[in-house]
Structures are given as structure tokens and as C-alpha cells.
file target.txt (compact mmCIF, C-alpha atoms)
# COMPACT_ATOMS: atom_id res chain seq x y z
CA MET A 1 -29.56 -40.50 -27.02
CA GLY A 2 -28.31 -44.03 -27.58
CA LEU A 3 -27.23 -46.36 -24.83
CA GLY A 4 -23.84 -47.05 -26.44
CA LYS A 5 -22.06 -43.96 -25.14
CA TRP A 6 -23.50 -44.39 -21.62
CA ILE A 7 -22.53 -48.06 -21.43
CA ALA A 8 -19.03 -47.37 -22.77
CA GLY A 9 -18.61 -44.47 -20.36
CA TYR A 10 -19.76 -46.48 -17.37
CA LEU A 11 -17.51 -49.42 -18.25
CA GLY A 12 -14.60 -47.03 -18.73
CA TRP A 13 -15.32 -45.58 -15.29
CA ILE A 14 -15.33 -49.01 -13.64
CA VAL A 15 -12.06 -50.07 -15.29
CA LEU A 16 -10.04 -46.86 -15.47
CA GLY A 17 -11.73 -44.36 -13.20
CA PRO A 18 -13.09 -40.92 -14.20
CA ILE A 19 -10.71 -40.39 -17.11
CA GLY A 20 -11.60 -43.82 -18.46
CA GLY A 21 -15.25 -42.95 -18.10
CA ILE A 22 -14.87 -39.87 -20.26
CA LEU A 23 -12.83 -41.70 -22.88
CA GLY A 24 -15.30 -44.60 -22.91
CA PHE A 25 -18.20 -42.20 -23.26
CA LEU A 26 -16.57 -40.51 -26.25
CA LEU A 27 -15.70 -43.88 -27.79
CA GLY A 28 -19.31 -45.00 -27.48
CA SER A 29 -20.43 -41.74 -29.08
CA PHE A 30 -18.01 -42.26 -31.97
CA ILE A 31 -19.22 -45.83 -32.51
CA GLU A 32 -22.86 -44.69 -32.60
CA SER A 33 -22.00 -41.83 -34.95
CA SER A 34 -20.07 -44.15 -37.28
CA ALA A 35 -22.85 -46.72 -37.29
CA SER A 36 -25.46 -44.15 -38.31
CA GLY A 37 -23.41 -42.29 -40.94
CA GLY A 38 -23.33 -42.87 -44.71
CA LYS A 39 -20.61 -44.80 -46.52
CA ASP A 40 -18.71 -44.68 -49.80
CA GLY A 41 -19.82 -41.18 -50.72
CA SER A 42 -23.55 -41.89 -50.46
CA THR A 43 -26.19 -40.40 -48.23
CA ASP A 44 -28.76 -42.48 -46.41
CA ASN A 45 -31.40 -41.56 -49.01
CA GLY A 46 -29.34 -42.99 -51.88
CA GLN A 47 -27.97 -39.71 -53.23
CA THR A 48 -24.37 -39.83 -54.41
CA TYR A 49 -22.09 -36.88 -53.71
CA GLY A 50 -19.42 -35.56 -56.05
CA SER A 51 -15.91 -35.24 -54.60
CA GLN A 52 -16.30 -31.59 -53.55
CA GLU A 53 -19.74 -32.11 -52.05
CA TRP A 54 -18.48 -35.22 -50.25
CA GLU A 55 -15.57 -33.28 -48.71
CA GLN A 56 -17.96 -30.56 -47.58
CA ALA A 57 -20.33 -33.15 -46.13
CA GLN A 58 -17.43 -34.83 -44.34
CA ALA A 59 -16.28 -31.50 -42.90
CA ARG A 60 -19.80 -30.78 -41.63
CA SER A 61 -20.02 -34.27 -40.17
CA GLN A 62 -16.70 -33.82 -38.37
CA GLN A 63 -17.83 -30.49 -36.93
CA GLN A 64 -21.08 -32.04 -35.74
CA SER A 65 -19.23 -35.01 -34.24
CA GLN A 66 -16.80 -32.68 -32.46
CA ALA A 67 -19.66 -30.59 -31.07
CA GLN A 68 -21.45 -33.74 -29.88
CA GLY A 69 -18.21 -34.99 -28.32
CA ASP A 70 -17.78 -31.68 -26.48
CA ARG A 71 -21.37 -31.90 -25.19
CA ASN A 72 -20.91 -35.51 -24.09
CA SER A 73 -17.67 -34.67 -22.29
CA PHE A 74 -19.30 -31.68 -20.60
CA LEU A 75 -22.19 -33.90 -19.53
CA LEU A 76 -20.12 -36.70 -18.04
CA SER A 77 -17.90 -34.23 -16.19
CA MET A 78 -20.98 -32.49 -14.82
CA LEU A 79 -22.37 -35.78 -13.53
CA VAL A 80 -19.12 -36.74 -11.80
CA MET A 81 -18.67 -33.31 -10.20
CA ALA A 82 -22.38 -32.98 -9.38
CA ALA A 83 -22.10 -36.09 -7.23
CA TYR A 84 -19.36 -34.35 -5.22
CA ILE A 85 -21.39 -31.15 -4.75
CA ILE A 86 -24.66 -32.93 -3.94
CA ARG A 87 -22.98 -35.01 -1.23
CA ALA A 88 -20.88 -32.15 0.18
CA ASP A 89 -23.35 -31.54 3.02
CA GLU A 90 -23.76 -35.31 3.50
CA ARG A 91 -27.32 -35.25 2.15
CA VAL A 92 -28.91 -36.00 -1.23
CA MET A 93 -31.61 -33.37 -1.76
CA HIS A 94 -34.49 -34.01 -4.15
CA SER A 95 -34.29 -30.45 -5.52
CA GLU A 96 -30.61 -30.89 -6.42
CA MET A 97 -31.24 -34.22 -8.13
CA GLU A 98 -34.17 -32.74 -10.03
CA LEU A 99 -32.03 -29.92 -11.42
CA VAL A 100 -29.61 -32.49 -12.86
CA ARG A 101 -32.46 -34.62 -14.21
CA ASN A 102 -34.09 -31.64 -15.90
CA PHE A 103 -30.82 -30.70 -17.59
CA LEU A 104 -30.48 -34.24 -18.93
CA ARG A 105 -34.12 -34.37 -19.99
CA GLN A 106 -34.02 -31.08 -21.89
CA ASN A 107 -30.74 -31.78 -23.66
CA PHE A 108 -30.62 -35.54 -24.15
CA GLY A 109 -34.06 -37.02 -23.56
CA GLU A 110 -35.77 -39.24 -21.02
CA GLU A 111 -33.45 -42.19 -21.59
CA ALA A 112 -30.51 -40.02 -20.54
CA VAL A 113 -32.31 -39.15 -17.29
CA GLN A 114 -32.45 -42.83 -16.33
CA GLN A 115 -28.84 -43.49 -17.31
CA GLY A 116 -27.56 -40.32 -15.63
CA ASN A 117 -29.46 -41.12 -12.46
CA HIS A 118 -27.91 -44.61 -12.48
CA ILE A 119 -24.41 -43.16 -12.78
CA LEU A 120 -25.04 -40.71 -9.91
CA MET A 121 -26.25 -43.55 -7.68
CA LYS A 122 -23.09 -45.52 -8.47
CA LEU A 123 -20.96 -42.48 -7.64
CA PHE A 124 -22.73 -42.07 -4.30
CA GLU A 125 -22.07 -45.74 -3.58
CA GLU A 126 -18.41 -45.29 -4.47
CA GLU A 127 -18.08 -42.40 -2.03
CA LYS A 128 -19.71 -44.49 0.69
CA SER A 129 -17.48 -47.51 0.08
CA LYS A 130 -14.18 -45.65 -0.44
CA GLY A 131 -14.71 -42.72 1.91
CA ARG A 132 -14.72 -38.97 1.28
CA VAL A 133 -10.92 -38.64 1.06
CA ALA A 134 -10.54 -41.25 -1.69
CA PHE A 135 -13.61 -39.89 -3.47
CA ARG A 136 -12.06 -36.40 -3.46
CA GLN A 137 -9.09 -37.82 -5.34
CA THR A 138 -11.43 -39.31 -7.93
CA ILE A 139 -13.10 -35.91 -8.41
CA ARG A 140 -9.72 -34.20 -8.59
CA GLN A 141 -8.70 -36.50 -11.46
CA SER A 142 -11.92 -35.76 -13.28
CA CYS A 143 -11.44 -32.01 -12.85
CA ALA A 144 -7.90 -32.24 -14.22
CA GLU A 145 -9.26 -34.05 -17.28
CA ALA A 146 -11.95 -31.40 -17.77
CA ALA A 147 -9.28 -28.71 -17.65
CA ARG A 148 -7.55 -30.41 -20.59
CA TYR A 149 -10.47 -30.56 -23.02
CA LEU A 150 -12.67 -27.59 -21.98
CA ASP A 151 -11.61 -23.99 -22.53
CA TYR A 152 -12.06 -21.49 -19.70
CA SER A 153 -15.53 -20.43 -20.86
CA GLY A 154 -16.65 -24.06 -20.94
CA ARG A 155 -15.31 -24.63 -17.44
CA LEU A 156 -17.08 -21.48 -16.25
CA GLN A 157 -20.41 -22.87 -17.43
CA LEU A 158 -19.66 -26.25 -15.86
CA LEU A 159 -18.93 -24.49 -12.57
CA ASN A 160 -22.07 -22.39 -13.06
CA PHE A 161 -24.23 -25.53 -13.22
CA LEU A 162 -22.58 -26.87 -10.08
CA VAL A 163 -23.36 -23.60 -8.28
CA MET A 164 -26.97 -23.88 -9.48
CA ILE A 165 -27.10 -27.41 -8.04
CA ALA A 166 -25.81 -26.16 -4.67
CA GLN A 167 -28.44 -23.38 -4.69
CA ALA A 168 -31.32 -25.65 -5.74
CA ASP A 169 -32.59 -26.27 -2.18
CA GLY A 170 -32.56 -22.55 -1.33
CA HIS A 171 -29.53 -22.74 0.97
CA VAL A 172 -25.81 -23.08 0.20
CA ASP A 173 -23.99 -24.82 3.05
CA ASN A 174 -20.39 -23.80 3.83
CA ARG A 175 -19.34 -27.35 2.97
CA GLU A 176 -20.90 -26.91 -0.46
CA VAL A 177 -18.97 -23.66 -0.93
CA ASP A 178 -15.75 -25.45 0.01
CA ALA A 179 -16.55 -28.26 -2.45
CA LEU A 180 -17.27 -25.74 -5.23
CA LYS A 181 -13.93 -24.06 -4.58
CA ASP A 182 -12.22 -27.47 -4.64
CA VAL A 183 -13.66 -28.09 -8.10
CA ALA A 184 -12.69 -24.61 -9.33
CA ARG A 185 -9.12 -25.02 -8.10
CA TRP A 186 -8.78 -28.53 -9.53
CA MET A 187 -10.05 -27.27 -12.90
CA GLN A 188 -7.29 -24.63 -12.81
CA MET A 189 -9.72 -21.79 -12.20
CA LYS A 190 -9.74 -18.94 -9.72
CA THR A 191 -11.75 -19.76 -6.60
CA SER A 192 -13.07 -16.19 -6.72
CA GLU A 193 -15.25 -17.38 -9.63
CA VAL A 194 -17.34 -19.25 -7.04
CA ASP A 195 -17.85 -16.11 -4.92
CA SER A 196 -18.83 -14.17 -8.04
CA MET A 197 -21.42 -16.76 -9.11
CA LEU A 198 -22.91 -17.06 -5.64
CA HIS A 199 -23.69 -13.32 -5.66
CA MET A 200 -25.05 -13.11 -9.22
CA GLN A 201 -28.68 -12.97 -8.07
CA GLY A 202 -28.05 -10.49 -5.27
CA ASP A 203 -29.47 -6.98 -5.59
CA THR A 204 -27.16 -4.95 -3.36
CA LEU A 205 -24.18 -2.83 -4.38
CA ASP A 206 -21.91 -5.14 -2.38
CA ASP A 207 -23.24 -8.11 -4.39
CA ALA A 208 -22.48 -6.24 -7.60
CA TYR A 209 -18.86 -5.64 -6.61
CA ARG A 210 -18.50 -9.32 -5.70
CA VAL A 211 -19.91 -10.35 -9.09
CA LEU A 212 -17.22 -8.32 -10.83
CA GLY A 213 -14.61 -9.70 -8.45
CA VAL A 214 -13.41 -6.33 -7.16
CA THR A 215 -13.72 -4.31 -3.97
CA PRO A 216 -15.54 -1.00 -3.60
CA GLN A 217 -12.09 0.61 -3.45
CA ALA A 218 -11.30 -0.42 -7.05
CA THR A 219 -10.58 2.38 -9.51
CA ASP A 220 -12.90 3.04 -12.46
CA GLU A 221 -10.30 1.57 -14.81
CA GLU A 222 -10.00 -1.58 -12.67
CA LEU A 223 -13.78 -1.91 -12.80
CA ARG A 224 -13.85 -1.60 -16.59
CA LYS A 225 -11.08 -4.16 -16.93
CA ALA A 226 -12.89 -6.63 -14.62
CA TYR A 227 -16.15 -6.20 -16.54
CA ARG A 228 -14.50 -6.69 -19.94
CA ARG A 229 -12.87 -9.91 -18.73
CA LEU A 230 -16.14 -11.30 -17.38
CA ALA A 231 -18.13 -10.27 -20.45
CA LEU A 232 -15.64 -12.02 -22.73
CA GLU A 233 -15.42 -15.21 -20.66
CA HIS A 234 -19.18 -15.53 -20.12
CA HIS A 235 -20.33 -14.59 -23.62
CA PRO A 236 -23.00 -17.14 -24.71
CA ASP A 237 -21.49 -17.61 -28.16
CA ARG A 238 -18.38 -19.16 -26.61
CA VAL A 239 -20.35 -22.15 -25.30
CA ALA A 240 -22.99 -22.55 -28.02
CA LYS A 241 -21.45 -25.87 -29.09
CA LEU A 242 -22.17 -27.34 -25.65
CA GLY A 243 -25.93 -27.30 -26.18
CA GLU A 244 -28.91 -24.97 -25.98
CA ASP A 245 -29.42 -25.33 -22.22
CA VAL A 246 -25.80 -24.41 -21.55
CA ARG A 247 -26.11 -21.42 -23.88
CA ARG A 248 -29.30 -20.25 -22.17
CA ALA A 249 -27.59 -20.48 -18.78
CA ALA A 250 -24.69 -18.44 -20.17
CA GLU A 251 -27.12 -15.82 -21.48
CA LYS A 252 -28.74 -15.53 -18.04
CA LYS A 253 -25.33 -15.20 -16.40
CA PHE A 254 -24.31 -12.60 -18.99
CA GLN A 255 -27.42 -10.55 -18.17
CA GLU A 256 -26.67 -10.77 -14.43
CA ILE A 257 -23.12 -9.56 -15.02
CA ASN A 258 -24.46 -6.59 -17.01
CA ALA A 259 -26.99 -5.84 -14.28
CA ALA A 260 -24.21 -5.80 -11.66
CA LYS A 261 -22.13 -3.54 -13.89
CA GLU A 262 -25.03 -1.10 -14.37
CA ARG A 263 -25.65 -0.98 -10.60
CA ILE A 264 -22.03 0.02 -9.94
CA TRP A 265 -21.87 2.43 -12.89
CA LYS A 266 -25.02 4.17 -11.65
CA ALA A 267 -23.69 4.44 -8.09
CA ARG A 268 -20.46 5.99 -9.39
CA GLY A 269 -22.11 8.22 -11.95
CA LEU A 270 -20.19 6.62 -14.82

call {"tool": "encode", "arguments": {"input": "target.txt", "output": "C-alpha cells"}}
result
Amino acid sequence: MGLGKWIAGYLGWIVLGPIGGILGFLLGSFIESSASGGKDGSTDNGQTYGSQEWEQAQARSQQQSQAQGDRNSFLLSMLVMAAYIIRADERVMHSEMELVRNFLRQNFGEEAVQQGNHILMKLFEEEKSKGRVAFRQTIRQSCAEAARYLDYSGRLQLLNFLVMIAQADGHVDNREVDALKDVARWMQMKTSEVDSMLHMQGDTLDDAYRVLGVTPQATDEELRKAYRRLALEHHPDRVAKLGEDVRRAAEKKFQEINAAKERIWKARGL
């Protein structure tokens, strides 16, 4: 992963805030992509395309650039929001930082780990200098921007990673839950999504109902409707463009939703 998109994103953040950071990051990505691409209908190995082949190559290149842009946007949003979740309990836990670093390492390489860590440190400094109230407004702006360019499934996976960060030290503080619900609300999502995700790994019948977002008093038809909605929103194929790690996380979440469904279905004899 080249430095261009990180530098542009960081400069955009300094000048224009979180929205500027995202735009700068995407601009840097575009510049790097343009610099490495072929010109005048030729490939890098000297082959010359015909007009039809060139149009097909251009279409593929645009799709790849769009997918990379979506991944970059997802990444920068995750970093900004992760800073808010990590500092929600007024501590910076090694386990939480390591989860973020591992995500960067697996998807973008070691260089991205260093750059991402630098951005997180700067965000922590900004919270300290401006105070929690002003920092909340910064996060709120970033969430609003994420709601514009990520569909609901993409936002679900972003929220999922933030929940994983909160759970990384083995304990989710009430302040972390409140911060997660802040992010969900600011991204125009239901705060009940947070409760559902926090109970995904539970093994009780009550956990299963919470995963599906219904009460034990729900009718069978209400249960089926809730499950269909979750299965559609969390389907791994909907977030494949965001990277393999995001897709794997979606697959795990999809399996947990199915496990919760089976637990309830078995208890009700469905």
C-alpha cells in the first residue's frame, strides 16, 4: 500500500476534518492508481489493445478502482471511529490496538500498520487537546460521511469491527456500549444492531432472541421476518468488495445468526 493515499488522507484531515481526510485519502488512491496504469491503449508489457479490448480493460480498471476506493473509505472510517471506541473507557488497551493493527496488516501490509497507528495516535491527541465533547462532534461528522458512501451492509460490517474492538480485552464497558450506539445512530442505523452483535457469541436462548432482535413473545412469522432481514443484510457477498478480511468477518457473523436461528427454531419445534 503506497504512502500517497495515507499522506493525502492525513493532510485532508488536518485541513478539513474527517470528511477532508476521507476525500484526501481517495484522492491519493486515485493519484497512485493513475500513476501505475497504462496509457494510450497500451499495457505495461507493451501490448496494444484494440478498441473493444481497451474498453473492456478500462471497465475492469474502473471496477477495480471503485472497489479499492470503497476499501480505502471503509478503512479510514474504521480508524476514525475505532479511536472513539478505544478511548470510550478512557483507556487505550493493547488488545484493542492489536486487533486494528492485525486488520491493517492482513489487508494492506506492514506499511499500513505504521501509518494507521500514526493516525490513531494523532486522533487520541486531538481528543485530549479538544476534549471529549468536541471529539464526539468530529466522530459524528465522520459517521454521517460513512452513511453517504456505504450501504447498510457495509455499515453493519464497520459496526461489527468496532464491536470486535470493544470486545478485544474480554470486557465491554457500559461507556463502550454507549459509544457503539452513538456510532450506530450517527451512521443512521438502529441502535438495536449493537445489542444484537454483542450477543452473537452467546449460547443461551435469550442471547439467540437478542441476536434476531426480537423478544421471546414474538410470533413465528415475526421471527421468520427478523431472520430474513438479518440474513440479507449480513450476507458475505454484499461486502466482498471491501476486502477478504471484511468478507470473512461477515461469514462468521452469518454463521452466528444461523446458529441463533436454529436454537430458537429447535426450542419452538419449528

call {"tool": "closest_residue", "arguments": {"input": "target.txt", "among": "A:Asp178, A:Asp169, A:Glu251, A:Asp203", "to": "A:His94", "atoms": "all atoms listed in the file"}}
result
A:Asp169

call {"tool": "closest_residue", "arguments": {"input": "target.txt", "among": "A:Arg263, A:Arg87, A:Arg105, A:Arg229", "to": "A:Ala179", "atoms": "only C-alpha atoms"}}
result
A:Arg87

call {"tool": "atom_distance", "arguments": {"input": "target.txt", "atom1": "atom CA of A:Ala147", "atom2": "atom CA of A:Gly202"}}
result
28.9 Å

call {"tool": "closest_residue", "arguments": {"input": "target.txt", "among": "A:Ser142, A:Gln115, A:Ser129, A:Gln106", "to": "A:Ala82", "atoms": "all atoms listed in the file"}}
result
A:Ser142

call {"tool": "closest_residue", "arguments": {"input": "target.txt", "among": "A:Arg247, A:Ala208, A:Asp220, A:Ile257", "to": "A:Asn107", "atoms": "only C-alpha atoms"}}
result
A:Arg247

call {"tool": "atom_distance", "arguments": {"input": "target.txt", "atom1": "atom CA of A:Val133", "atom2": "atom CA of A:Lys181"}}
result
15.9 Å

call {"tool": "atom_distance", "arguments": {"input": "target.txt", "atom1": "atom CA of A:Cys143", "atom2": "atom CA of A:Gly109"}}
result
25.5 Å
